[in-house]
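Raw query.txt, compact mmCIF, C-alpha atoms:
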```
# COMPACT_ATOMS: atom_id res chain seq x y z
CA MET A 1 0.00 0.00 0.00
CA LYS A 2 1.29 3.43 -0.86
CA ASN A 3 2.22 5.73 1.96
CA ASN A 4 -0.10 8.46 0.82
CA SER A 5 -3.14 6.23 0.20
CA PRO A 6 -6.19 6.96 2.37
CA VAL A 7 -6.29 5.46 5.83
CA THR A 8 -8.79 2.62 6.14
CA GLU A 9 -10.88 1.53 9.12
CA THR A 10 -8.83 -1.67 9.30
CA GLU A 11 -5.67 0.39 9.54
CA LEU A 12 -7.04 2.41 12.42
CA HIS A 13 -7.52 -0.83 14.33
CA ALA A 14 -4.13 -2.18 13.26
CA TYR A 15 -2.66 1.11 14.51
CA ILE A 16 -4.24 0.62 17.93
CA ASP A 17 -3.09 -2.98 18.11
CA GLY A 18 0.45 -2.29 16.95
CA HIS A 19 0.23 -4.25 13.71
CA LEU A 20 1.27 -1.47 11.30
CA ASP A 21 4.64 -0.89 9.72
CA ASP A 22 6.41 2.45 10.27
CA ALA A 23 5.25 4.05 7.02
CA ARG A 24 1.58 3.34 7.54
CA ARG A 25 1.78 4.24 11.21
CA ALA A 26 3.07 7.65 10.18
CA ALA A 27 0.23 7.95 7.66
CA VAL A 28 -2.35 7.14 10.34
CA GLU A 29 -0.81 9.66 12.72
CA THR A 30 -0.95 12.37 10.08
CA TYR A 31 -4.58 11.50 9.43
CA LEU A 32 -5.48 11.60 13.13
CA ALA A 33 -3.71 14.93 13.62
CA THR A 34 -6.16 16.55 11.23
CA ASN A 35 -9.28 14.63 12.33
CA PRO A 36 -9.86 15.24 16.02
CA ASP A 37 -13.09 13.20 16.16
CA GLU A 38 -11.34 10.20 14.70
CA ALA A 39 -8.42 10.75 17.04
CA GLU A 40 -10.81 10.73 20.00
CA ARG A 41 -12.41 7.52 18.76
CA VAL A 42 -9.02 5.83 18.35
CA ARG A 43 -7.98 6.96 21.84
CA ALA A 44 -11.17 5.49 23.27
CA TYR A 45 -10.50 2.16 21.56
CA ALA A 46 -6.92 2.12 22.78
CA ARG A 47 -8.16 2.85 26.30
CA GLN A 48 -10.41 -0.22 26.03
CA ASN A 49 -7.34 -2.37 25.44
CA GLU A 50 -5.57 -0.90 28.45
CA GLN A 51 -8.59 -1.33 30.66
CA LEU A 52 -9.01 -4.95 29.61
CA HIS A 53 -5.49 -5.60 30.85
CA THR A 54 -6.06 -3.66 34.06
CA LEU A 55 -9.22 -5.60 34.76
CA PHE A 56 -8.15 -9.09 33.87
CA ASP A 57 -4.37 -9.50 33.92
CA SER A 58 -4.32 -10.40 37.61
CA THR A 59 -5.56 -13.87 36.63
CA LEU A 60 -2.24 -14.45 34.88
CA TYR A 61 -0.34 -14.21 38.14
CA GLU A 62 -2.55 -16.43 40.23
CA PRO A 63 -1.06 -19.80 41.08
CA VAL A 64 -2.45 -22.43 38.73
CA PRO A 65 -4.50 -25.07 40.57
CA GLU A 66 -2.75 -28.42 40.55
CA ALA A 67 -5.84 -30.02 39.00
CA LEU A 68 -5.23 -28.01 35.85
CA ARG A 69 -1.59 -28.99 35.61
CA MET A 70 -2.18 -32.72 35.81
CA LYS A 71 -2.58 -34.69 32.67
CA PRO A 72 -5.82 -36.62 33.14
CA ALA A 73 -5.58 -40.42 33.14
CA ARG A 74 -5.85 -41.53 29.57
CA ARG A 75 -8.91 -43.68 29.96
CA ALA A 76 -10.68 -45.54 32.68
CA PRO A 77 -9.15 -48.98 33.06
CA ASN A 78 -11.32 -51.41 31.21
CA PRO A 79 -11.57 -54.73 33.07
CA LEU A 80 -12.52 -56.54 29.87
CA ARG A 81 -9.36 -55.33 28.23
CA TYR A 82 -7.23 -56.74 31.01
CA ALA A 83 -9.14 -60.02 30.89
CA ALA A 84 -8.65 -60.33 27.15
CA LEU A 85 -4.95 -59.65 27.44
CA LEU A 86 -4.61 -62.05 30.33
CA ALA A 87 -6.37 -64.74 28.31
CA ALA A 88 -4.08 -64.04 25.39
CA ALA A 89 -1.07 -64.28 27.67
CA VAL A 90 -2.23 -67.64 29.02
CA VAL A 91 -2.93 -68.98 25.53
CA GLY A 92 0.43 -67.69 24.40
CA GLY A 93 2.09 -69.41 27.31
CA VAL A 94 0.35 -72.70 26.65
CA LEU A 95 1.12 -72.44 22.96
CA GLY A 96 4.73 -71.75 23.75
CA TRP A 97 4.86 -74.82 25.94
CA VAL A 98 3.11 -77.05 23.42
CA LEU A 99 5.37 -75.94 20.61
CA ARG A 100 8.45 -75.77 22.74
CA GLY A 101 10.46 -77.96 20.44
CA GLU A 102 10.13 -75.55 17.58
CA GLU A 103 12.60 -72.71 17.77
CA PRO A 104 12.39 -69.84 17.90
CA LEU A 105 8.68 -69.67 18.65
CA ILE A 106 9.10 -71.00 22.15
CA VAL A 107 11.40 -68.21 23.09
CA THR A 108 9.03 -65.51 22.11
CA ALA A 109 5.55 -67.00 22.10
CA SER A 110 4.16 -65.22 25.13
CA LEU A 111 6.57 -62.30 25.16
CA PRO A 112 4.37 -59.73 23.37
CA GLN A 113 1.29 -60.65 25.37
CA GLN A 114 3.13 -60.43 28.68
CA ALA A 115 4.68 -57.14 27.67
CA ALA A 116 1.40 -55.65 26.45
CA LEU A 117 -0.33 -56.70 29.64
CA ALA A 118 2.36 -55.07 31.75
CA HIS A 119 2.12 -52.00 29.54
CA VAL A 120 -1.62 -51.46 29.95
CA VAL A 121 -1.35 -52.05 33.70
CA TYR A 122 1.43 -49.57 34.39
CA ALA A 123 1.59 -47.01 31.57
CA PRO A 124 -1.60 -45.14 32.63
CA GLU A 125 -0.47 -45.16 36.27
CA VAL A 126 -0.25 -41.61 37.58
CA LEU A 127 0.97 -42.03 41.14
CA HIS A 128 3.35 -44.97 40.90
CA PRO A 129 4.30 -45.61 37.29
CA VAL A 130 7.65 -47.08 38.35
CA GLU A 131 9.22 -48.60 41.45
CA VAL A 132 12.56 -46.90 41.00
CA GLY A 133 12.81 -43.57 39.19
CA ALA A 134 15.30 -42.51 36.54
CA ARG A 135 17.17 -40.40 39.07
CA GLU A 136 18.40 -43.64 40.63
CA GLU A 137 19.20 -45.23 37.32
CA ALA A 138 22.41 -46.92 38.47
CA HIS A 139 20.62 -48.50 41.39
CA LEU A 140 17.69 -49.49 39.16
CA VAL A 141 19.94 -51.22 36.66
CA SER A 142 22.08 -53.07 39.20
CA TRP A 143 19.00 -54.18 41.12
CA LEU A 144 17.23 -55.51 38.03
CA SER A 145 20.43 -57.15 36.75
CA LYS A 146 20.79 -58.95 40.04
CA ARG A 147 17.20 -60.16 40.04
CA LEU A 148 17.23 -61.25 36.40
CA GLY A 149 20.61 -62.89 36.79
CA ALA A 150 22.22 -61.15 33.83
CA PRO A 151 23.40 -57.60 33.14
CA VAL A 152 20.37 -55.54 32.11
CA ARG A 153 20.69 -52.11 30.59
CA ALA A 154 18.23 -49.25 30.35
CA PRO A 155 18.76 -47.85 26.85
CA HIS A 156 18.72 -44.09 26.47
CA LEU A 157 16.16 -43.00 23.90
CA SER A 158 16.50 -39.21 23.94
CA ASP A 159 17.28 -39.32 20.22
CA ALA A 160 13.85 -40.82 19.62
CA GLY A 161 12.29 -38.18 21.90
CA TYR A 162 11.76 -40.36 24.94
CA GLU A 163 13.18 -39.95 28.42
CA LEU A 164 13.53 -42.72 30.97
CA VAL A 165 10.91 -42.50 33.73
CA GLY A 166 12.22 -45.49 35.66
CA GLY A 167 11.57 -49.19 35.98
CA ARG A 168 10.09 -52.00 37.97
CA LEU A 169 10.43 -55.70 38.63
CA LEU A 170 7.65 -57.97 37.38
CA PRO A 171 6.84 -61.64 37.66
CA GLY A 172 7.59 -63.30 34.32
CA GLU A 173 6.63 -66.77 33.22
CA ALA A 174 9.82 -68.50 34.17
CA GLY A 175 11.18 -65.97 36.63
CA PRO A 176 11.51 -62.25 37.17
CA ALA A 177 11.13 -59.76 34.36
CA ALA A 178 11.90 -56.06 34.16
CA GLN A 179 9.96 -53.15 32.77
CA PHE A 180 11.49 -49.80 31.83
CA MET A 181 9.16 -46.91 31.23
CA TYR A 182 9.79 -43.97 28.89
CA GLN A 183 7.86 -40.81 28.24
CA ASP A 184 7.89 -38.09 25.58
CA VAL A 185 7.13 -34.38 26.09
CA ARG A 186 3.46 -34.98 25.46
CA GLY A 187 3.30 -37.51 28.28
CA ASN A 188 2.96 -40.48 25.91
CA ARG A 189 4.52 -43.56 27.41
CA LEU A 190 6.36 -46.53 26.03
CA THR A 191 7.51 -49.54 28.01
CA LEU A 192 10.38 -51.89 27.37
CA TYR A 193 9.79 -55.32 28.83
CA VAL A 194 12.88 -57.47 29.39
CA ARG A 195 13.04 -61.08 30.47
CA THR A 196 15.63 -63.80 30.32
CA THR A 197 15.32 -66.56 27.76
CA ALA A 198 16.08 -70.21 28.39
CA ASP A 199 18.43 -70.39 25.48
CA SER A 200 21.08 -67.71 25.42
CA ASN A 201 23.16 -66.67 22.44
CA HIS A 202 20.08 -66.70 20.39
CA GLU A 203 18.93 -63.91 18.15
CA THR A 204 15.72 -63.21 16.25
CA ALA A 205 14.54 -60.50 13.93
CA PHE A 206 12.04 -57.88 15.04
CA ARG A 207 8.53 -59.24 15.21
CA TYR A 208 5.37 -57.24 15.57
CA ALA A 209 2.16 -57.98 17.43
CA ARG A 210 -0.82 -55.85 18.25
CA GLU A 211 -2.95 -56.28 21.34
CA ASP A 212 -5.95 -54.01 21.13
CA GLN A 213 -4.50 -50.47 21.12
CA VAL A 214 -1.04 -51.57 22.10
CA GLY A 215 1.58 -52.29 19.46
CA VAL A 216 4.54 -54.47 20.43
CA PHE A 217 7.86 -54.99 18.71
CA TYR A 218 9.76 -57.90 20.23
CA TRP A 219 12.98 -59.72 19.62
CA VAL A 220 15.54 -61.90 21.30
CA ASP A 221 19.12 -60.81 21.64
CA GLY A 222 21.53 -62.90 23.68
CA PRO A 223 20.23 -63.79 27.12
CA PHE A 224 17.21 -61.49 26.91
CA GLY A 225 13.90 -61.26 25.18
CA TYR A 226 12.87 -57.64 24.65
CA ALA A 227 9.42 -56.24 23.91
CA LEU A 228 8.74 -52.57 23.29
CA SER A 229 5.08 -51.65 23.79
CA GLY A 230 3.26 -48.44 23.06
CA GLU A 231 0.08 -46.97 21.71
CA LEU A 232 1.80 -45.87 18.54
CA GLU A 233 1.34 -46.72 14.91
CA ARG A 234 3.60 -49.45 13.65
CA PRO A 235 6.15 -47.28 11.74
CA GLN A 236 6.65 -44.91 14.68
CA LEU A 237 7.01 -47.78 17.11
CA LEU A 238 9.49 -49.50 14.79
CA ARG A 239 11.59 -46.35 14.74
CA VAL A 240 11.84 -46.40 18.53
CA ALA A 241 12.47 -50.17 18.58
CA GLU A 242 15.42 -49.60 16.28
CA SER A 243 16.73 -46.93 18.65
CA VAL A 244 16.44 -49.40 21.50
CA TYR A 245 18.32 -52.03 19.53
CA ARG A 246 21.05 -49.58 18.56
CA ALA A 247 21.39 -48.33 22.12
CA LEU A 248 21.80 -51.89 23.36
CA ASN A 249 24.24 -52.83 20.59
CA PRO A 250 26.44 -49.78 20.18
CA MET B 251 5.79 -37.71 39.89
CA ARG B 252 4.20 -35.20 37.57
CA ASP B 253 3.79 -35.64 33.87
CA VAL B 254 5.67 -33.27 31.64
CA ASN B 255 2.91 -30.93 30.62
CA LEU B 256 2.97 -29.46 27.17
CA PHE B 257 0.11 -27.09 27.94
CA ASP B 258 1.48 -25.53 31.13
CA GLU B 259 2.66 -22.27 29.61
CA HIS B 260 -0.76 -21.58 28.09
CA ILE B 261 -2.86 -22.25 31.17
CA PRO B 262 -2.71 -18.74 32.72
CA ARG B 263 -3.95 -17.19 29.47
CA LEU B 264 -6.69 -19.77 29.04
CA ARG B 265 -7.81 -19.03 32.59
CA ARG B 266 -7.83 -15.29 31.98
CA TYR B 267 -9.90 -15.67 28.82
CA ALA B 268 -12.32 -18.10 30.45
CA ARG B 269 -12.66 -15.79 33.45
CA VAL B 270 -13.77 -12.93 31.23
CA LEU B 271 -16.12 -15.08 29.18
CA THR B 272 -17.86 -16.63 32.17
CA SER B 273 -17.48 -13.80 34.74
CA ASP B 274 -17.11 -16.55 37.29
CA ARG B 275 -13.91 -17.93 38.75
CA ALA B 276 -15.06 -21.50 39.44
CA GLN B 277 -16.96 -21.82 36.21
CA ALA B 278 -13.93 -20.48 34.34
CA ASP B 279 -11.57 -23.07 35.84
CA ASP B 280 -14.07 -25.83 35.09
CA LEU B 281 -14.08 -24.65 31.51
CA VAL B 282 -10.29 -24.62 31.33
CA GLN B 283 -10.07 -28.05 32.90
CA GLU B 284 -12.51 -29.44 30.37
CA CYS B 285 -10.61 -27.72 27.60
CA LEU B 286 -7.32 -29.32 28.70
CA ALA B 287 -8.90 -32.75 29.07
CA ARG B 288 -10.28 -32.44 25.56
CA ALA B 289 -6.91 -31.25 24.29
CA TRP B 290 -5.13 -34.29 25.74
CA GLU B 291 -7.70 -36.55 24.10
CA LYS B 292 -7.37 -34.86 20.76
CA LEU B 293 -3.64 -34.21 20.86
CA ALA B 294 -3.07 -36.57 17.94
CA LEU B 295 -5.12 -34.16 15.82
CA TRP B 296 -2.93 -31.20 16.63
CA GLN B 297 -0.43 -30.57 13.85
CA ARG B 298 2.98 -30.26 15.43
CA GLY B 299 4.54 -26.97 14.46
CA THR B 300 1.22 -25.15 14.17
CA ASP B 301 0.04 -22.64 16.75
CA LEU B 302 -0.71 -24.57 19.93
CA ARG B 303 -2.17 -21.52 21.67
CA ALA B 304 -4.68 -20.92 18.86
CA TRP B 305 -5.61 -24.61 18.92
CA LEU B 306 -6.25 -24.53 22.67
CA PHE B 307 -8.30 -21.34 22.41
CA THR B 308 -10.34 -22.93 19.65
CA ILE B 309 -11.19 -25.87 21.90
CA LEU B 310 -12.11 -23.52 24.75
CA HIS B 311 -14.27 -21.42 22.43
CA ASN B 312 -16.12 -24.46 21.10
CA LEU B 313 -16.77 -25.82 24.59
CA PHE B 314 -18.07 -22.47 25.78
CA VAL B 315 -20.34 -21.97 22.78
CA ASN B 316 -21.72 -25.50 23.04
CA ASP B 317 -22.34 -24.98 26.72
CA LEU B 318 -24.22 -21.74 26.04
CA ARG B 319 -26.31 -23.48 23.41
CA ARG B 320 -27.18 -26.21 25.89
CA ARG B 321 -28.22 -23.65 28.46
CA LYS B 322 -30.37 -21.83 25.94
CA ASN B 323 -32.22 -25.03 25.21
CA HIS B 324 -32.67 -25.52 28.94
CA PRO B 325 -33.67 -22.10 30.25
CA GLU B 326 -33.76 -23.40 33.82
CA LEU B 327 -29.96 -23.47 33.69
CA LEU B 328 -29.68 -19.82 32.73
CA THR B 329 -28.63 -17.44 35.40
CA LEU B 330 -31.00 -14.54 35.45
CA ASP B 331 -28.64 -12.03 36.94
CA ASP B 332 -25.97 -12.29 34.28
CA GLU B 333 -25.22 -8.63 34.68
CA ALA B 334 -24.95 -8.67 38.43
CA LEU B 335 -21.20 -8.89 38.32
CA ASP B 336 -18.73 -8.89 41.09
CA ALA B 337 -16.80 -5.72 41.46
CA PRO B 338 -13.34 -6.26 40.05
CA ARG B 339 -10.95 -6.97 42.85
CA ARG B 340 -8.08 -4.83 41.64
CA ALA B 341 -10.13 -1.76 40.82
CA THR B 342 -9.22 1.15 43.04
CA GLN B 343 -11.57 3.84 44.22
CA GLU B 344 -10.39 6.13 41.50
CA ASP B 345 -10.75 3.94 38.46
CA GLY B 346 -13.41 1.67 39.92
CA LEU B 347 -16.37 3.10 38.11
CA GLY B 348 -14.75 3.11 34.70
CA LEU B 349 -13.57 -0.46 35.00
CA ARG B 350 -16.78 -1.79 36.40
CA ASP B 351 -18.61 -0.10 33.56
CA LEU B 352 -16.29 -1.79 31.11
CA GLN B 353 -17.03 -5.23 32.52
CA ALA B 354 -20.76 -4.62 32.43
CA ALA B 355 -20.53 -3.25 28.92
CA LEU B 356 -18.49 -6.23 27.78
CA ASN B 357 -21.22 -8.55 28.92
CA ARG B 358 -23.69 -6.67 26.78
CA LEU B 359 -21.72 -7.32 23.61
CA PRO B 360 -22.82 -10.23 21.46
CA LEU B 361 -20.53 -13.18 22.24
CA GLU B 362 -19.08 -13.20 18.71
CA GLN B 363 -17.96 -9.58 19.09
CA ARG B 364 -16.78 -10.02 22.66
CA GLU B 365 -14.56 -12.95 21.68
CA VAL B 366 -12.87 -11.03 18.88
CA LEU B 367 -12.34 -8.02 21.10
CA LEU B 368 -10.77 -10.14 23.85
CA LEU B 369 -8.51 -12.14 21.55
CA VAL B 370 -7.25 -8.92 19.97
CA GLY B 371 -7.20 -6.58 22.95
CA LEU B 372 -6.30 -8.94 25.75
CA GLU B 373 -4.60 -11.90 24.08
CA GLU B 374 -2.89 -9.61 21.61
CA MET B 375 -3.30 -12.12 18.82
CA SER B 376 -2.78 -10.98 15.25
CA TYR B 377 -5.96 -10.69 13.20
CA ALA B 378 -4.92 -13.80 11.27
CA GLU B 379 -4.50 -15.74 14.52
CA VAL B 380 -7.96 -14.66 15.65
CA ALA B 381 -9.43 -15.78 12.32
CA ASN B 382 -7.66 -19.11 12.72
CA THR B 383 -8.77 -19.55 16.33
CA LEU B 384 -12.43 -18.79 15.69
CA GLY B 385 -12.55 -20.38 12.25
CA ILE B 386 -13.85 -17.24 10.51
CA PRO B 387 -12.52 -15.15 7.61
CA ILE B 388 -10.23 -12.28 8.50
CA GLY B 389 -12.73 -9.79 7.04
CA THR B 390 -15.27 -11.04 9.57
CA VAL B 391 -12.70 -10.55 12.33
CA MET B 392 -12.26 -6.92 11.28
CA SER B 393 -15.95 -6.15 11.04
CA ARG B 394 -16.67 -7.75 14.42
CA LEU B 395 -13.76 -5.93 16.00
CA SER B 396 -14.91 -2.64 14.58
CA ARG B 397 -18.47 -3.15 15.78
CA ALA B 398 -17.34 -4.38 19.20
CA ARG B 399 -15.15 -1.37 19.85
CA GLU B 400 -17.73 1.11 18.69
CA ARG B 401 -20.53 -0.55 20.64
CA LEU B 402 -18.38 -0.60 23.75
CA ARG B 403 -17.51 3.06 23.30
CA VAL B 404 -21.17 3.99 22.96
CA LEU B 405 -22.13 1.88 25.96
CA LEU B 406 -19.45 3.48 28.10
CA ASN B 407 -20.34 7.01 26.99
CA GLY B 408 -24.02 6.27 27.30
CA ALA B 409 -23.65 5.13 30.87
CA GLY B 410 -24.74 8.63 31.73
CA PRO B 411 -23.03 11.59 33.27
CA ALA B 412 -23.59 10.17 36.75
CA LEU B 413 -21.19 7.34 35.96
CA ARG B 414 -18.58 9.49 34.27
CA ARG B 415 -15.38 9.84 36.09
CA VAL B 416 -15.31 13.13 37.92
CA LYS B 417 -11.98 14.64 38.34
```
Could I get this file's structure written as structure tokens?
Amino acid sequence: MKNNSPVTETELHAYIDGHLDDARRAAVETYLATNPDEAERVRAYARQNEQLHTLFDSTLYEPVPEALRMKPARRAPNPLRYAALLAAAVVGGVLGWVLRGEEPLIVTASLPQQAALAHVVYAPEVLHPVEVGAREEAHLVSWLSKRLGAPVRAPHLSDAGYELVGGRLLPGEAGPAAQFMYQDVRGNRLTLYVRTTADSNHETAFRYAREDQVGVFYWVDGPFGYALSGELERPQLLRVAESVYRALNP
Amino acid sequence: MRDVNLFDEHIPRLRRYARVLTSDRAQADDLVQECLARAWEKLALWQRGTDLRAWLFTILHNLFVNDLRRRKNHPELLTLDDEALDAPRRATQEDGLGLRDLQAALNRLPLEQREVLLLVGLEEMSYAEVANTLGIPIGTVMSRLSRARERLRVLLNGAGPALRRVK
């Protein structure tokens, strides 16, 4: 717009709200200098802005109630969902036993179900998502290693956008299992379930399973079976699973 | 342990806006709480990199408008003394009348004008951001803003000489 073009109503408002460039601001000021009625109107509008702040800005400095700062629990726990997963875990376990001669199915048969079950139990937990927090990571890792009977590691997944929340010990099928929990800035959680396998020095490719909303990538690497669970789409979850694998096999 | 909360920095502004819209502290916080709950549910729909504040204000606006509509269909829920407003806490003796007038006048603006005026004057959003937040063309933003400011000016002047500030 040319600097000497007539001042529009929109520009008067933009002037009040500080959205004009220097040239047009000067044009508006020239216009107002010669139109006292318009100048009075603009002053009144500008005063409205100031008064709005005077009246209402105090709310900005009030402490925010804790209820507003908490992320609400994602959804009410659905007993049927737990039951279905539990049933799947049992079937998986039985299947694994029945087919135990046929490698590598036995190693991994119930792994995704167990991991998904542990995920839906603990990931929505607000008060006690983990037994030992990330601040005591060294303690967490040595404790879980001791209980699982092999050196466990908690991979760092910052590159994938997830920070370690902490971990806990869980009952596995043939002994203790470990769960590490991760969280991104939005509060979305992933869990990495780790348990020992009967047959060490074994390795499998990534496999994928889906239990209701929960996707699981699982694999066996050395003495451990790993399962990464999360309510993510498959490609996104795979990306994180690869980060886990890389972090564990630098 | 508290979740990392993406929305934290926007909460004070959402509260301020809700407080003006509802003229009621408790009702305003209920509205904000519902807005945040809805935002967490719908977070997957938010396009990362786009304006999170505008997105949150849109949710708040929709909730408020739907709530008003519900109340209109159920007149028993309407408060009759909508204009019986609390005196603003921070107003001093000197500017008290002017500010109280402003709050009363604000409540007499149609909601669509009041929202534009608040998003521009209080939130200091650009006109494009307001258009985006309310889902209306920018030309509509300008015409509502213009009408809101003029109506408010007339209401404040028309309050009568008795309410004018004497100095």
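If you count only C-alpha atoms and ignore residues fewer than 5 places along the chain from Thr390 of chain B, what sits within 12 Å of it is A:Thr10, B:Glu362, B:Gln363, B:Val366, B:Tyr377, B:Ala378, B:Val380, B:Ala381, B:Asn382, B:Leu384, B:Gly385, B:Leu395, B:Ser396, B:Arg397, B:Ala398.
Closest approach to Leu232 of chain A among A:Arg189, A:Arg69, A:His128, A:His156: A:Arg189, based on only C-alpha atoms.
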Could you list the residues in chain B lying within 9 Å of chain A, using only C-alpha atoms, and format the result as a VMD selection string?
chain B and resid 251 to 258 261 to 263 265 to 267 269 to 270 279 282 to 283 286 to 287 290 to 291 293 338 to 341 348 to 350 352 to 353 367 to 368 370 to 372 374 376 to 377 392 to 393 395 to 396 399 to 400 402 to 403
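Atom CA of Asp280 of chain B to atom CA of Thr383 of chain B spans 20.5 Å [interatomic distance, one decimal].
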Work out how far atom CA of Tyr193 of chain A is from atom CA of Arg147 of chain A, in Å to one decimal.
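Going from atom CA of Arg147 of chain A over to atom CA of Tyr193 of chain A, I get 14.3 Å.
Here atom CA of Pro387 of chain B stands at a distance of 23.6 Å from atom CA of Asp317 of chain B.
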May I ask which of the residues B:Arg401, B:Thr308, B:Leu406, B:Phe314 is the closest one to Ile386 of chain B, counting all atoms listed in the file?
B:Thr308
Between A:Leu140, A:Arg234, A:Tyr31, A:Arg195, which has the minimum distance to Leu170 of chain A (counting all atoms listed in the file)?
A:Arg195
Pick the closest to Gly172 of chain A from A:Thr197, A:Asn249, A:Ser5, A:Asn35: which is it, counting all atoms listed in the file?
A:Thr197
Using all atoms listed in the file, which residue out of A:Pro112, A:Pro176, A:Pro223, A:Gly215 lies closest to Ala150 of chain A?
A:Pro223
Would you kindly return, as a list in words, each protein, DNA or RNA residue with an atom no farther than 12 Å from any atom of Lys146 of chain A, considering only C-alpha atoms and excluding same-chain residues fewer than 5 positions away?
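Neighbouring residues, sequence-local ones excluded: His139, Leu140, Val141, Pro151, Val152, Arg153, Leu169, Pro176, Ala177 and Ala178 of chain A.
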Nearest to Asn312 of chain B: which of B:Ala355, B:Ala294, B:Leu281, B:Ala276 is it, counting only C-alpha atoms?
B:Leu281
Reconstruct N, CA and C atoms of segment 203-215 of chain A from the incomplete input and present them as a short mmCIF file (atom, residue, chain, number, x, y, z; two decimals), in the coordinates of the input.
```cif
data_model
loop_
_atom_site.label_atom_id
_atom_site.label_comp_id
_atom_site.auth_asym_id
_atom_site.auth_seq_id
_atom_site.Cartn_x
_atom_site.Cartn_y
_atom_site.Cartn_z
N GLU A 203 19.31 -65.23 18.65
CA GLU A 203 18.93 -63.91 18.15
C GLU A 203 17.78 -64.06 17.16
N THR A 204 16.81 -63.19 17.23
CA THR A 204 15.72 -63.21 16.25
C THR A 204 15.59 -61.84 15.63
N ALA A 205 14.86 -61.79 14.54
CA ALA A 205 14.54 -60.50 13.93
C ALA A 205 13.45 -59.82 14.75
N PHE A 206 13.18 -58.56 14.43
CA PHE A 206 12.04 -57.88 15.04
C PHE A 206 10.76 -58.58 14.61
N ARG A 207 9.87 -58.77 15.56
CA ARG A 207 8.53 -59.24 15.21
C ARG A 207 7.55 -58.22 15.75
N TYR A 208 6.37 -58.23 15.17
CA TYR A 208 5.37 -57.24 15.57
C TYR A 208 4.08 -57.95 15.96
N ALA A 209 3.48 -57.47 17.03
CA ALA A 209 2.16 -57.98 17.43
C ALA A 209 1.33 -56.79 17.87
N ARG A 210 0.03 -56.94 17.79
CA ARG A 210 -0.82 -55.85 18.25
C ARG A 210 -1.87 -56.44 19.18
N GLU A 211 -1.95 -55.85 20.37
CA GLU A 211 -2.95 -56.28 21.34
C GLU A 211 -3.86 -55.11 21.59
N ASP A 212 -5.04 -55.14 20.97
CA ASP A 212 -5.95 -54.01 21.13
C ASP A 212 -5.25 -52.73 20.66
N GLN A 213 -5.13 -51.73 21.52
CA GLN A 213 -4.50 -50.47 21.12
C GLN A 213 -2.98 -50.52 21.17
N VAL A 214 -2.47 -51.57 21.80
CA VAL A 214 -1.04 -51.57 22.10
C VAL A 214 -0.26 -52.32 21.03
N GLY A 215 0.68 -51.64 20.41
CA GLY A 215 1.58 -52.29 19.46
C GLY A 215 2.81 -52.78 20.20
#
```
